[in-house]
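A.B. asks: Pasting a structure below so you can have a look.
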Amino acid sequence: MNNITFLFYFLVIQISAQTGISVSPPRVYFDSGSGSSSTQKITVTNVSTKNSLDLAVSLGDWQYDQYGENMMHAANTLKNSCASWISVKKSDNYFTLAPGERKELDVTITVPAIAKDTLSSHTALLYISQMNPVDDVDSKGANIKVSIRSGIKIFHKSAEAVTKKVEIKDLKFDKAKSNLALQFENQSSIWVDGKISTEIINTSTGKKVPVDDIVFYTLPGDLRKITIPMGSVLEKGSYNASVMIDYGDPSSLEIGELNFNYE
């Protein structure tokens with residue numbers, strides 16, 4: 001007899017042909033002042049062709065680790081949490097979607113009139129969770145019960161203008177792994193997203209080493225460790241590496257340079 005197990009997924013758009021949900025957008029940004037309320041819409045779609053989904057809305061907190069991976073926490077446990085500010089209509093806390101059906105949810109943030117802290121930005125996570133697991137079969141033919149949970153990241157910033165700043169803390173060449181090890185810090189009081197572009201040149205031959213751009217996301221105070229892989233095997237010689245972090249302010253690009261030898 002096959003075992004029956006329960007599977008829970010986070011941030012899943014579609015996990016099989018039998019069941020799945022799509023949530024759009026995956027990130028929602030609010031910009032408002034103390035004592036004010038603002039509302040944005042998210043769309044939840046049941047992409048299943050045969051199963052109705054009973055869904056519930058709940059809240060949580062989240063943060064990034066040093067490598068940019070998501071770390072989940074209970075609601076209102078992080079100092080920058082705005083989970084207690086978020087609400088949906090009472091009728092939308094629990095709802096059912098038929099196969100192919102979609103529903104718009106109004107997500108409202110009400111900022112306290114009296115601030116609980118001096119932070120310029122806050123975050124939370126809004127979950128859409130399936131409450132009726134459905135039957136499925138895994139790759140080995142075992143019977144399983146599948147339940148889905150999708151998360152929407154909520155960002156809120158105060159109405160005041162905030163200066164962004166990113167600073168490179170370290171840049172090294174890892175010879176054993178043939179890559180660059182970059183560390184940088186988000187010294188802003190709000191989240192910073194951007195792109196890391198790298199140019200590596202063999203100073204003896206003038207030959208450039210192809211390196212793909214890297215997209216990054218950070219929250220205030222994050223110290224991020226990024227591995228920048230080389231696009232090809234290095235030839236022996238001396239190299240100059242230039243790393244540029246573009247975080248949306250054309251007048252404030254962060255640039256680091258490194259000279260290294262590969263023998």
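Letters A, B, ... mark the chains of the structure tokens in the order given; residue numbers begin at 1 per chain; ligand numbers begin at 1, in order shown.
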Please, which residues of range 129-168 of chain A, numbered as in this document, come out strand (DSSP E or B) from DSSP, as a PyMOL selection string?

C.D. replies: chain A and resi 129-130+134-137+143-157+166-168

A.B. asks: Name all residues at most 8 Å from range 241-252 of chain A (count only C-alpha atoms; drop same-chain ones fewer than 2 positions away) and give them as an mmCIF file with C-alpha atoms, in the first residue's frame.

C.D. replies:
data_model
loop_
_atom_site.group_PDB
_atom_site.id
_atom_site.type_symbol
_atom_site.label_atom_id
_atom_site.label_comp_id
_atom_site.auth_asym_id
_atom_site.auth_seq_id
_atom_site.Cartn_x
_atom_site.Cartn_y
_atom_site.Cartn_z
ATOM 1 C CA LYS A 164 19.572 55.300 -0.660
ATOM 2 C CA LYS A 165 23.104 54.159 0.036
ATOM 3 C CA VAL A 166 24.947 50.890 -0.645
ATOM 4 C CA VAL A 192 17.225 48.696 -2.003
ATOM 5 C CA ASP A 193 16.951 46.601 -5.167
ATOM 6 C CA GLY A 194 19.323 46.700 -8.073
ATOM 7 C CA LYS A 195 21.792 45.062 -10.417
ATOM 8 C CA ILE A 196 25.432 44.047 -10.067
ATOM 9 C CA SER A 197 27.488 44.376 -13.262
ATOM 10 C CA THR A 198 31.025 42.994 -13.454
ATOM 11 C CA GLU A 199 33.805 43.561 -15.976
ATOM 12 C CA ILE A 200 36.932 41.391 -15.828
ATOM 13 C CA ILE A 201 39.867 42.081 -18.148
ATOM 14 C CA TYR A 239 43.402 40.564 -14.171
ATOM 15 C CA GLU A 254 28.858 51.948 -5.936
ATOM 16 C CA ILE A 255 32.015 50.685 -7.649
ATOM 17 C CA GLY A 256 34.746 48.358 -6.430
ATOM 18 C CA GLU A 257 37.944 47.263 -8.178
ATOM 19 C CA LEU A 258 40.269 44.345 -7.616
ATOM 20 C CA ASN A 259 43.571 43.301 -9.198
#

A.B. asks: Given only C-alpha atoms as the basis, pick out the residue of A:Asp212, A:Glu101, A:Asp174, A:Glu160 nearest to Ser121 in chain A.

C.D. replies: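 Selected residue with least distance to Ser121 in chain A: A:Glu160.
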
A.B. asks: Select, from A:Gln130, A:Pro210, A:Thr163, A:Ala124, the residue with the minimum atom-to-atom distance to Lys145 in chain A, counting only C-alpha atoms.

C.D. replies: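 Going through A:Gln130, A:Pro210, A:Thr163, A:Ala124 one by one, the smallest distance to Lys145 in chain A is for A:Gln130.
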
A.B. asks: Find the distance between CA of Ser150 in chain A and CA of Arg224 in chain A and write it in Å to one decimal.

C.D. replies: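 Separation of CA of Ser150 in chain A and CA of Arg224 in chain A: 25.3 Å.
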
A.B. asks: Of the candidates A:Gly221, A:Gly237, A:Pro112, A:Pro133, which shows the shortest atom-to-atom distance to Ser34 in chain A, using only C-alpha atoms?

C.D. replies: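 Checking each candidate against Ser34 in chain A, we get A:Pro112 as the closest.
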
A.B. asks: If we count only C-alpha atoms, what is near Lys225 in chain A at a cut-off of 6 Å, once residues fewer than 3 positions away on the same chain are taken out, given as a PyMOL selection string?

C.D. replies: chain A and resi 66-67+182-183

A.B. asks: Which neighbours of Gly60 in chain A fall inside 12 Å, counting only C-alpha atoms, when residues of the same chain fewer than 6 positions from it are skipped, and could you give them as a ChimeraX atom specification?

C.D. replies: /A:71-78,80-86,123-128,150-154

A.B. asks: Using only C-alpha atoms, which of A:Ile148, A:Ala159, A:Leu119, A:Val111 sits nearest Asn46 in chain A?

C.D. replies: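 Of A:Ile148, A:Ala159, A:Leu119, A:Val111, the one nearest Asn46 in chain A, counting only C-alpha atoms, is A:Ile148.
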
A.B. asks: Pick out the closest residue to Ser37 in chain A from this set: A:Asn132, A:Ser120, A:Ser87, A:Thr218. Count only C-alpha atoms.

C.D. replies: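 Ranked by minimum distance to Ser37 in chain A, first place goes to A:Ser87.
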
A.B. asks: When distances are computed from only C-alpha atoms, which of A:Leu59, A:Leu234, A:Leu53, A:Ala161 shows the smallest separation from Ile190 in chain A?

C.D. replies: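 Looking only at the distances to Ile190 in chain A, the closest residue turns out to be A:Ala161.
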
A.B. asks: Near Val47 in chain A, counting only C-alpha atoms, which residues have an atom at most 7 Å away, once you skip same-chain residues fewer than 3 positions from it, shown as a ChimeraX atom specification?

C.D. replies: /A:19-22,99-100

A.B. asks: Do you know which residues are at most 8 Å from Asn202 in chain A counting only C-alpha atoms, after dropping those on the same chain fewer than 5 positions away, and could you put them as a ChimeraX atom specification?

C.D. replies: /A:207-209,237-240

A.B. asks: Would you save the residues of that selection, restricted to C-alpha atoms, as a PDB file, in the first residue's frame?

C.D. replies:
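And here is the file that came out, again-v7.pdb:
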ATOM      1  CA  LYS A 207      40.706  39.998 -23.338  1.00  0.00           C
ATOM      2  CA  LYS A 208      37.426  40.402 -21.453  1.00  0.00           C
ATOM      3  CA  VAL A 209      35.907  37.609 -19.390  1.00  0.00           C
ATOM      4  CA  GLY A 237      47.737  36.083 -16.209  1.00  0.00           C
ATOM      5  CA  SER A 238      46.977  39.291 -14.366  1.00  0.00           C
ATOM      6  CA  TYR A 239      43.402  40.564 -14.171  1.00  0.00           C
ATOM      7  CA  ASN A 240      41.467  43.670 -13.228  1.00  0.00           C
TER       8      ASN A 240
END

A.B. asks: When you draw a straight line from CA of Leu180 in chain A to CA of Thr227 in chain A, how long is it in Å?

C.D. replies: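 Interatomic distance here is 5.9 Å.
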
A.B. asks: One number please: CA of Ile168 in chain A to CA of Gly231 in chain A, in Å, one decimal.

C.D. replies: 22.2 Å

A.B. asks: From the DSSP assignment of the backbone, select every residue of range 1-209 of chain A that is helix (DSSP H, G or I), and format the answer as a list in words.

C.D. replies: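 So, restricting range 1-209 of chain A to helix (DSSP H, G or I), we get Ala83, Ser84, Trp85, Lys90, Ser91 and Asp92 of chain A.
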